[in-house]
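A.B. asks: Below is the structure I would like to discuss, written out as structure tokens.
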Amino acid sequence: MPGWFRPREPRAEPIDEGLWESATFPYLFMRGLAPADSERLRALASQFLARKHFSATHGLELTPFMRVQVAAQACILVLELGIGWYDGWTEVIVYPGQFAPEREVVDEAGVVHLVNDPMAGEAWLGGPVILSYEDVALTSDEEARVAGYNVVIHEFAHKLDMLSGDPNGFPPLHEGMSPAAWRDAFRDAYGDFCRRVDEADALAERDGGAALDALPIDPYAAESPSEFFAVVSEAFFETPEWLQPAYPAVYGQLRLFYRQDPLARLPAG
Ligand SMILES: [Zn+2]
């Protein structure tokens with residue numbers, strides 16, 4: 001009988017255990033994750049695969065392994081929040097490497113410039129997440145990766161931030177979280193970090209960038225409050241042992257927001 005239908009939950013796309021293990025074992029954010037939590041993450045990733053539409057560009061062939069790599073990293077952010085936090089959009093677009101879309105940018109003097117800076121990833125408000133596969137793969141390359149750099153976590157943190165409109169480093173907080181505590185923690189840390197980046201930049205000619213390399217998080221965080229939130233989210237999951245001592249108040253707010261404590265689950269030593 002035709003008529004009114006309730007939209008059906010997409011059926012989860014199963015990820016077999018071997019594929020899951022091989023795709024996820026190198027990730028820093030998997031360190032210390034209890035087997036039951038890894039199982040929940042696998043279930044969430046299979047829901048993610050069923051709900052999102054993947055497309056590849058420039059002749060890239062997306063294998064099940066590559067899709068699982070993206071899904072696992074995207075889902076670590078919402079392990080305790082639920083897949084519903086990624087509702088409202090469906091496309092994941094994967095480029096083989098970094099991409100350089102041409103954009104018009106208006107500078108402070110009102111002059112329009114055409115720019116095409118290469119990008120590792122991008123998240124659109126209400127639209128797709130776009131990723132460079134080379135950068136996605138880098139995170140699991142134990143030799144080549146830069147600890148703390150995770151393009152998937154970065155772009156999906158922007159997606160969570162965008163749940164409350166234009167990205168500004170202020171995602172929707174849970175009941176019981178204090179917006180003032182969030183604002184204070186992030187404002188103080190962002191101000192401090194921008195100062196440290198300026199100092200390290202000023203030294204770069206003399207020290208060959210050593211002070212920049214010694215920063216606890218990626219200097220790109222100094223771009224804006226929304227980039228700061230995305231970068232500290234990468235650090236929260238990948239290198240909590242560096243983020244927490246550097247910015248304990250931010251770590252504490254992220255712990256409340258993501259409802260996880262990645263530092264506590266790090267294996268001793
Ligand atoms: Zn960003």
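Every chain in the structure tokens has a letter given in the order shown (A, B, ...), and although residue numbers restart at 1 in each chain, ligands are simply numbered from 1 in the order shown.
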Find the residues of chain A that sit at most 8 Å from ligand 1; for each, write down the nearest two atoms and how far apart they are in Å, to one decimal. Count only C-alpha atoms and all ligand atoms. Sort by chain, then by number going up, and give it as CSV.

C.D. replies:
```
residue,atom,partner,partner_atom_place_in_ligand_line,distance
A:Gly121,CA,ligand 1,1 (Zn),7.5
A:Glu122,CA,ligand 1,1 (Zn),6.8
A:Ala123,CA,ligand 1,1 (Zn),7.7
A:His154,CA,ligand 1,1 (Zn),6.2
A:Glu155,CA,ligand 1,1 (Zn),6.2
A:His158,CA,ligand 1,1 (Zn),6.7
A:Ser226,CA,ligand 1,1 (Zn),7.2
A:Glu227,CA,ligand 1,1 (Zn),4.9
A:Ala230,CA,ligand 1,1 (Zn),6.1
A:Val231,CA,ligand 1,1 (Zn),7.5
```

A.B. asks: Report the distance between CA of Trp124 in chain A and CA of Arg259 in chain A in Å, rounded to one decimal place.

C.D. replies: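 We find that CA of Trp124 in chain A and CA of Arg259 in chain A lie 25.0 Å from each other.
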
A.B. asks: Let me make sure I understand: among A:Asp87, A:Pro248, A:Arg103, A:Gly208, which one has the smallest atom-to-atom distance to Met162 in chain A if we use only C-alpha atoms?

C.D. replies: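 Comparing A:Asp87, A:Pro248, A:Arg103, A:Gly208 against Met162 in chain A, the winner is A:Asp87.
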
A.B. asks: Extract, using only C-alpha atoms, all DNA, RNA and protein residues at most 8 Å from Ala43 in chain A, discarding same-chain residues fewer than 3 positions from it, and format them as a PyMOL selection string.

C.D. replies: chain A and resi 12+14-15+39-40+46-47

A.B. asks: Would you mind writing down, as number ranges by chain, each residue of range 90-202 of chain A that DSSP on the backbone assigns to strand (DSSP E)?

C.D. replies: A: 91-95, 103-106, 112-115, 121-123, 129-132

A.B. asks: CA of Val68 in chain A to CA of Ser55 in chain A: how many Å, to one decimal?

C.D. replies: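 The value is 13.7 Å.
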
A.B. asks: Dump as a Markdown table the rows for residues of range 2-48 of chain A within 10 Å of range 130-139 of chain A: closest atom pair and distance in Å with one decimal, only C-alpha atoms counted, ordered by chain and rising residue number.

C.D. replies:
```
| residue | atom | partner | partner_atom | distance |
| --- | --- | --- | --- | --- |
| A:Pro26 | CA | A:Thr139 | CA | 8.3 |
| A:Tyr27 | CA | A:Thr139 | CA | 6.9 |
| A:Leu28 | CA | A:Thr139 | CA | 8.4 |
```

A.B. asks: With only C-alpha atoms as the atoms that count, which of A:His174, A:Arg11, A:Arg206, A:Arg42 lies nearest to Phe257 in chain A?

C.D. replies: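 Looking at the shortest contact to Phe257 in chain A, the residue is A:His174.
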
A.B. asks: Could you tell me which of A:Asp188, A:Asp218, A:Glu61, A:Glu234 comes closest to Tyr247 in chain A if we count only C-alpha atoms?

C.D. replies: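 Among A:Asp188, A:Asp218, A:Glu61, A:Glu234, it is A:Asp188 that comes nearest to Tyr247 in chain A.
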
A.B. asks: Find the spatial neighbours of Asp184 in chain A, counting only C-alpha atoms, within a cut-off of 12 Å - ignore same-chain residues fewer than 6 positions away - and output them as a list of chain:residue names.

C.D. replies: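 Near neighbours after the sequence-gap exclusion: A:Phe170, A:Ser178, A:Tyr190, A:Gly191, A:Tyr247, A:Ala249, A:Val250, A:Gln253.
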
A.B. asks: Using DSSP on the backbone coordinates, identify the residues of range 100-240 of chain A assigned to helix (DSSP H, G or I); present them as an MDAnalysis selection string.

C.D. replies: chainID A and resid 133:138 151:164 179:207 210:213 219:223 225:238 240

A.B. asks: Taking only C-alpha atoms into account, name the residue in A:Ser140, A:Asp198, A:Arg187, A:Pro225 that is nearest to Met30 in chain A.

C.D. replies: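 Closest residue, counting only C-alpha atoms: A:Ser140.
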
A.B. asks: Could you build a table of the residues in range 50-117 of chain A lying no more than 10 Å from range 237-245 of chain A, giving for each the nearest pair of atoms and their separation in Å rounded to one decimal place, using only C-alpha atoms, ordered by chain and ascending residue number, as JSON lines?

C.D. replies:
```
{"residue": "A:Gln73", "atom": "CA", "partner": "A:Phe237", "partner_atom": "CA", "distance": 9.8}
{"residue": "A:Ile76", "atom": "CA", "partner": "A:Phe237", "partner_atom": "CA", "distance": 8.1}
{"residue": "A:Leu77", "atom": "CA", "partner": "A:Phe237", "partner_atom": "CA", "distance": 8.2}
```

A.B. asks: How about saving the chosen residues, N, CA and C atoms kept, as a CSV table (one decimal), in the first residue's frame?

C.D. replies:
```csv
chain,number,residue,atom,x,y,z
A,73,GLN,N,38.6,6.7,11.4
A,73,GLN,CA,39.2,8.0,12.0
A,73,GLN,C,38.1,9.0,12.2
A,76,ILE,N,36.1,8.0,15.5
A,76,ILE,CA,36.7,8.1,16.9
A,76,ILE,C,36.1,9.3,17.6
A,77,LEU,N,35.8,10.4,16.8
A,77,LEU,CA,35.3,11.6,17.4
A,77,LEU,C,34.0,11.4,18.1
```
